[in-house]
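Data block below; observations after.
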Amino acid sequence: MLLLLLGIVILHAAALVLLFVSTIVSAWTTGSTSSSDLWNNCSTINGGYHCDPAYTGEWIQAVQALMILSIIFSFISLFLFFCQLFTLQKGGRFFVTGVFQILASLFVMSGAVIYTVMSPNWVPVSEAFGWAYILAWVAFPLALISGLIYVILRKRE
Amino acid sequence: MCVYLSHLTPSLTPIVPQQSEAIVIYTGWERHALVGSDIRLSCSFFSWRWTSDDVTFSWSYRADGARDSISVFHYTGGSPYVDNKGPFRDRLEFVGNPGRRDGSILLKNLDYGDNGTFTCDAKNPPDIVGRASSVRLLVFEKVPIQAGVITGAIIGAVLGLLVLVVVIYYLMRFLVARRVFNLSVSKHGKKGKGKEGSQQRQVPVLSIGDPSKLKAAASEKKKQESRKDKK
């Protein structure tokens with residue numbers, strides 16, 4: 001029983017960590033001389049490392065907002081899980097926790113989808129998607145599975 | 001004695017320390033404008049002296065990429081002199097008030113070629129030591145949204161919606177609970193016998209941890225028992 005609990009919490013924490021790393025690290029697209037992410041475009045020109053703030057477009061800001069919202073909702077979900085663990089009646093479902101985690105996964109998915117769709121405008125053809133972008137896509141199914149587990153889980157003793 | 005005193009009097013005039021004699025000029029840092037619109041470039045100064053009648057304002061312009069700057073406006077001796085030969089002829093207008101230390105100019109019908117740095121220099125004799133201040137003009141086809149505005153708006157809207165949903169949920173629960181309480185109180189008032197009272201207080205513990213269903217079931221049970229008692 002305790003093992004199951006531990007496993008679920010670790011899954012949730014893993015999804016949260018992936019979300020964090022994906023949002024913060026500057027590696028959504030990488031090229032031979034430059035890398036860019038949601039916040040900065042950094043490039044090494046003539047030996048110097050030079051960063052510009054990302055395009056002030058509407059869509060990149062929407063992606064930023066969605067990623068941040070997914071982190072917030074995942075945090076709230078973790079907090080609610082511990083709350084419900086101690087206050088829920090026997091046999092009750094962790095419904096609210098699951099809902100928040102599923103919402104977090106939906107936000108990550110929307111953010112990654114928008115980034116993918118708008119990437120012809122932002123990413124030069126010579127550059128490829130970076131590992132932080134892949135982490136975002138991995139975090140989506142992890143968070144979704146975690147949320148679904150919460151919804152079908154029932155509390156015992 | 002009097003001669004001695006007259007030599008003393010010059011030193012009795014107010015001694016102003018050297019730093020405060022400098023004039024400080026204020027303009028904006030950067031200005032954004034749309035093509036074809038007008039823009040007002042403001043320039044004002046701070047000086048410890050009263051505004052003199054010989055106050056002068058002077059604006060110069062250096063285009064993006066150019067090395068030299070040209071003078072486009074000068075105010076002196078109470079009259080403004082605007083550019084009548086350079087890039088801003090017929091497009092520059094003086095809208096300032098020198099008496100109130102305002103040396104602003106108005107540029108009309110902007111074009112992409114007006115991108116550049118405008119420098120304002122003001123002098124308030126005898127306060128003439130100071131550094132000129134520059135404002136950068138950026139002309140856009142469409143004014144870009146500042147970074148972070150949409151991000152903040154989306155985050156704020158979603159969190160606000162969340163708070164609203166939570167508040168409405170708790171409000172509904174509170175209202176339903178109050179209604180159930182009022183109903184049970186009115187039923188209690190008609191009885192007054194101990195046995196039925198204790199029976200009514202028994203609430204079955206359901207396996208579904210849903211409080212609203214719980215309360216609905218409790219009120220149902222009370223209604224059933226009151227119907228039985230009436231028979």
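Following the order of the structure tokens, first chain is A, next is B, and so on, with residues numbered from 1 inside each chain and ligands from 1 in the order they appear.
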Contact residues around Ile114 (chain A) with only C-alpha atoms at 9 Å, ignoring same-chain residues under 4 positions, as a ChimeraX atom specification: /A:59-60,62-63,109-110,118-119
Cut-off 8 Å: closest chain A/chain B atom pairs per residue, using only C-alpha atoms, as a tab-separated table:
```
residue	atom	partner	partner_atom	distance
A:Thr56	CA	B:Ala147	CA	5.1
A:Gly57	CA	B:Ile145	CA	7.2
A:Glu58	CA	B:Ile150	CA	6.7
A:Gln61	CA	B:Thr151	CA	5.0
A:Ala62	CA	B:Thr151	CA	5.8
A:Gln64	CA	B:Thr151	CA	6.3
A:Ala65	CA	B:Thr151	CA	4.6
A:Leu66	CA	B:Ile155	CA	7.6
A:Ile68	CA	B:Ile155	CA	7.8
A:Leu69	CA	B:Ile155	CA	6.3
A:Leu88	CA	B:Gly209	CA	7.1
A:Gln89	CA	B:Gly209	CA	5.6
A:Lys90	CA	B:Ser207	CA	6.8
A:Gly91	CA	B:Ser207	CA	5.7
A:Gly92	CA	B:Gly209	CA	4.9
A:Arg93	CA	B:Gly209	CA	7.4
```
Just-selected residues, N, CA and C atoms written as an mmCIF file, in the first residue's frame:
```
data_model
loop_
_atom_site.group_PDB
_atom_site.id
_atom_site.type_symbol
_atom_site.label_atom_id
_atom_site.label_comp_id
_atom_site.auth_asym_id
_atom_site.auth_seq_id
_atom_site.Cartn_x
_atom_site.Cartn_y
_atom_site.Cartn_z
ATOM 1 N N THR A 56 8.551 39.247 -29.482
ATOM 2 C CA THR A 56 7.410 39.669 -28.670
ATOM 3 C C THR A 56 6.124 39.397 -29.419
ATOM 4 N N GLY A 57 6.019 38.203 -29.949
ATOM 5 C CA GLY A 57 4.800 37.857 -30.670
ATOM 6 C C GLY A 57 3.736 37.393 -29.703
ATOM 7 N N GLU A 58 2.498 37.276 -30.201
ATOM 8 C CA GLU A 58 1.412 36.856 -29.326
ATOM 9 C C GLU A 58 1.516 35.374 -29.021
ATOM 10 N N GLN A 61 4.164 34.203 -26.461
ATOM 11 C CA GLN A 61 3.719 34.546 -25.108
ATOM 12 C C GLN A 61 2.642 33.586 -24.642
ATOM 13 N N ALA A 62 1.783 33.140 -25.573
ATOM 14 C CA ALA A 62 0.768 32.162 -25.198
ATOM 15 C C ALA A 62 1.427 30.859 -24.767
ATOM 16 N N GLN A 64 4.431 30.536 -23.481
ATOM 17 C CA GLN A 64 5.008 30.792 -22.155
ATOM 18 C C GLN A 64 3.952 30.668 -21.072
ATOM 19 N N ALA A 65 2.803 31.306 -21.309
ATOM 20 C CA ALA A 65 1.744 31.292 -20.303
ATOM 21 C C ALA A 65 1.252 29.875 -20.052
ATOM 22 N N LEU A 66 1.062 29.091 -21.112
ATOM 23 C CA LEU A 66 0.548 27.732 -20.949
ATOM 24 C C LEU A 66 1.532 26.863 -20.179
ATOM 25 N N ILE A 68 3.765 27.873 -17.964
ATOM 26 C CA ILE A 68 3.766 28.295 -16.566
ATOM 27 C C ILE A 68 2.507 27.814 -15.861
ATOM 28 N N LEU A 69 1.364 27.907 -16.566
ATOM 29 C CA LEU A 69 0.112 27.445 -15.967
ATOM 30 C C LEU A 69 0.169 25.952 -15.675
ATOM 31 N N LEU A 88 -9.743 12.782 3.171
ATOM 32 C CA LEU A 88 -10.780 12.096 2.410
ATOM 33 C C LEU A 88 -11.363 10.944 3.214
ATOM 34 N N GLN A 89 -12.651 10.669 2.990
ATOM 35 C CA GLN A 89 -13.271 9.547 3.678
ATOM 36 C C GLN A 89 -12.847 8.244 3.023
ATOM 37 N N LYS A 90 -13.051 7.163 3.756
ATOM 38 C CA LYS A 90 -12.609 5.848 3.282
ATOM 39 C C LYS A 90 -13.345 5.500 1.997
ATOM 40 N N GLY A 91 -12.573 5.082 0.990
ATOM 41 C CA GLY A 91 -13.196 4.703 -0.271
ATOM 42 C C GLY A 91 -13.386 5.866 -1.219
ATOM 43 N N GLY A 92 -12.979 7.053 -0.781
ATOM 44 C CA GLY A 92 -13.193 8.214 -1.635
ATOM 45 C C GLY A 92 -12.168 8.281 -2.763
ATOM 46 N N ARG A 93 -12.543 9.010 -3.787
ATOM 47 C CA ARG A 93 -11.655 9.134 -4.952
ATOM 48 C C ARG A 93 -10.932 10.471 -4.896
#
```
Residue neighbourhood Ser58 (chain B), 12 Å, only C-alpha atoms, exclusion window fewer than 4 positions, as a VMD selection string: chain B and resid 25 43 to 44 70 to 76 79 to 83 94 96 98 102 to 105 118 to 124 132 to 134
Strand (DSSP E or B) positions in chain A, given as JSON, numbers by chain: {"A": [29, 30, 34, 35, 36, 40, 41, 42, 43, 44, 45, 48, 49, 50, 51, 52, 53, 93, 128, 129, 154]}
Produce a file of the selected residues containing N, CA, C and O atoms, as a JSON list (two decimals), in the first residue's frame.
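The file below, part-v9.json, is the result:
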```json
[["chain", "number", "residue", "atom", "x", "y", "z"],
["A", 29, "THR", "N", 15.03, 24.86, -29.44],
["A", 29, "THR", "CA", 15.59, 24.59, -30.77],
["A", 29, "THR", "C", 17.09, 24.76, -30.66],
["A", 29, "THR", "O", 17.56, 25.66, -29.96],
["A", 30, "THR", "N", 17.81, 23.91, -31.32],
["A", 30, "THR", "CA", 19.27, 24.04, -31.29],
["A", 30, "THR", "C", 19.80, 23.97, -32.70],
["A", 30, "THR", "O", 19.33, 23.20, -33.53],
["A", 34, "SER", "N", 23.45, 28.41, -32.62],
["A", 34, "SER", "CA", 22.51, 29.14, -31.78],
["A", 34, "SER", "C", 21.51, 28.20, -31.16],
["A", 34, "SER", "O", 21.27, 27.10, -31.66],
["A", 35, "SER", "N", 20.94, 28.65, -30.06],
["A", 35, "SER", "CA", 19.87, 27.88, -29.45],
["A", 35, "SER", "C", 18.82, 28.88, -28.99],
["A", 35, "SER", "O", 19.14, 30.02, -28.69],
["A", 36, "SER", "N", 17.60, 28.45, -28.97],
["A", 36, "SER", "CA", 16.57, 29.37, -28.52],
["A", 36, "SER", "C", 15.51, 28.60, -27.76],
["A", 36, "SER", "O", 15.40, 27.38, -27.90],
["A", 40, "ASN", "N", 14.52, 33.28, -24.66],
["A", 40, "ASN", "CA", 15.69, 33.95, -25.25],
["A", 40, "ASN", "C", 16.10, 33.28, -26.54],
["A", 40, "ASN", "O", 15.89, 32.10, -26.74],
["A", 41, "ASN", "N", 16.71, 34.08, -27.41],
["A", 41, "ASN", "CA", 17.42, 33.49, -28.54],
["A", 41, "ASN", "C", 18.89, 33.75, -28.31],
["A", 41, "ASN", "O", 19.32, 34.89, -28.30],
["A", 42, "CYS", "N", 19.65, 32.71, -28.08],
["A", 42, "CYS", "CA", 21.08, 32.88, -27.82],
["A", 42, "CYS", "C", 21.88, 32.36, -29.00],
["A", 42, "CYS", "O", 21.56, 31.33, -29.57],
["A", 43, "SER", "N", 22.90, 33.09, -29.35],
["A", 43, "SER", "CA", 23.74, 32.62, -30.45],
["A", 43, "SER", "C", 25.19, 32.98, -30.17],
["A", 43, "SER", "O", 25.48, 33.95, -29.49],
["A", 44, "THR", "N", 26.07, 32.16, -30.69],
["A", 44, "THR", "CA", 27.49, 32.43, -30.55],
["A", 44, "THR", "C", 27.97, 32.98, -31.88],
["A", 44, "THR", "O", 28.08, 32.26, -32.86],
["A", 45, "ILE", "N", 28.23, 34.27, -31.88],
["A", 45, "ILE", "CA", 28.73, 34.90, -33.10],
["A", 45, "ILE", "C", 30.13, 35.40, -32.83],
["A", 45, "ILE", "O", 30.35, 36.12, -31.86],
["A", 48, "GLY", "N", 31.60, 35.25, -29.32],
["A", 48, "GLY", "CA", 30.91, 35.80, -28.16],
["A", 48, "GLY", "C", 29.50, 35.23, -28.04],
["A", 48, "GLY", "O", 28.83, 34.99, -29.02],
["A", 49, "TYR", "N", 29.05, 35.00, -26.82],
["A", 49, "TYR", "CA", 27.73, 34.43, -26.59],
["A", 49, "TYR", "C", 26.76, 35.58, -26.39],
["A", 49, "TYR", "O", 26.92, 36.40, -25.52],
["A", 50, "HIS", "N", 25.74, 35.63, -27.24],
["A", 50, "HIS", "CA", 24.91, 36.83, -27.27],
["A", 50, "HIS", "C", 23.45, 36.43, -27.22],
["A", 50, "HIS", "O", 23.00, 35.63, -28.02],
["A", 51, "CYS", "N", 22.71, 36.96, -26.26],
["A", 51, "CYS", "CA", 21.31, 36.57, -26.10],
["A", 51, "CYS", "C", 20.38, 37.76, -26.34],
["A", 51, "CYS", "O", 20.61, 38.84, -25.83],
["A", 52, "ASP", "N", 19.32, 37.50, -27.07],
["A", 52, "ASP", "CA", 18.27, 38.50, -27.25],
["A", 52, "ASP", "C", 17.00, 37.97, -26.62],
["A", 52, "ASP", "O", 16.75, 36.78, -26.65],
["A", 53, "PRO", "N", 16.15, 38.83, -26.12],
["A", 53, "PRO", "CA", 14.86, 38.34, -25.67],
["A", 53, "PRO", "C", 14.06, 37.80, -26.86],
["A", 53, "PRO", "O", 14.23, 38.29, -27.97],
["A", 93, "ARG", "N", -12.54, 9.01, -3.79],
["A", 93, "ARG", "CA", -11.65, 9.13, -4.95],
["A", 93, "ARG", "C", -10.93, 10.47, -4.90],
["A", 93, "ARG", "O", -11.49, 11.47, -4.48],
["A", 128, "ALA", "N", 17.25, 22.37, -35.53],
["A", 128, "ALA", "CA", 16.40, 21.25, -35.16],
["A", 128, "ALA", "C", 15.80, 21.50, -33.79],
["A", 128, "ALA", "O", 16.27, 22.34, -33.03],
["A", 129, "PHE", "N", 14.77, 20.76, -33.46],
["A", 129, "PHE", "CA", 14.15, 20.89, -32.15],
["A", 129, "PHE", "C", 15.10, 20.35, -31.08],
["A", 129, "PHE", "O", 15.74, 19.33, -31.24],
["A", 154, "ARG", "N", -8.87, 4.75, -5.30],
["A", 154, "ARG", "CA", -9.78, 4.89, -4.17],
["A", 154, "ARG", "C", -9.00, 4.83, -2.88],
["A", 154, "ARG", "O", -8.05, 4.07, -2.77]]
```
List the spatial neighbours of Ala15 (chain A) as number ranges by chain - criterion: any atom at most 7 Å away, only C-alpha atoms, same-chain residues fewer than 4 positions off excluded. A: 11, 19, 139, 142-143
How would the residues just chosen look if you wrote them out with N, CA, C and O atoms as a CSV table (one decimal), in the first residue's frame?
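Below is the file selection_9.csv, written as the result:
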```
chain,number,residue,atom,x,y,z
A,11,LEU,N,5.9,9.4,-9.5
A,11,LEU,CA,5.4,9.7,-10.9
A,11,LEU,C,5.0,11.2,-11.0
A,11,LEU,O,5.4,11.9,-12.0
A,19,LEU,N,8.4,19.3,-16.3
A,19,LEU,CA,7.8,20.5,-16.7
A,19,LEU,C,8.7,21.7,-16.4
A,19,LEU,O,8.8,22.6,-17.2
A,139,ALA,N,6.5,15.1,-20.9
A,139,ALA,CA,5.8,15.4,-19.7
A,139,ALA,C,4.3,15.3,-19.9
A,139,ALA,O,3.6,15.0,-18.9
A,142,LEU,N,3.0,11.7,-19.3
A,142,LEU,CA,3.3,11.4,-17.9
A,142,LEU,C,2.3,12.0,-17.0
A,142,LEU,O,1.7,11.4,-16.1
A,143,ALA,N,2.0,13.3,-17.2
A,143,ALA,CA,1.1,14.0,-16.4
A,143,ALA,C,-0.4,13.4,-16.6
A,143,ALA,O,-1.1,13.3,-15.7
```
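Across the model, the gap from CA of Phe75 (chain A) to CA of Lys155 (chain A) is 20.9 Å.
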If you count only C-alpha atoms, which residues fall within 7 Å of Ile23 (chain B), apart from same-chain ones fewer than 3 positions away, as a PyMOL selection string? chain B and resi 45-47+127-130
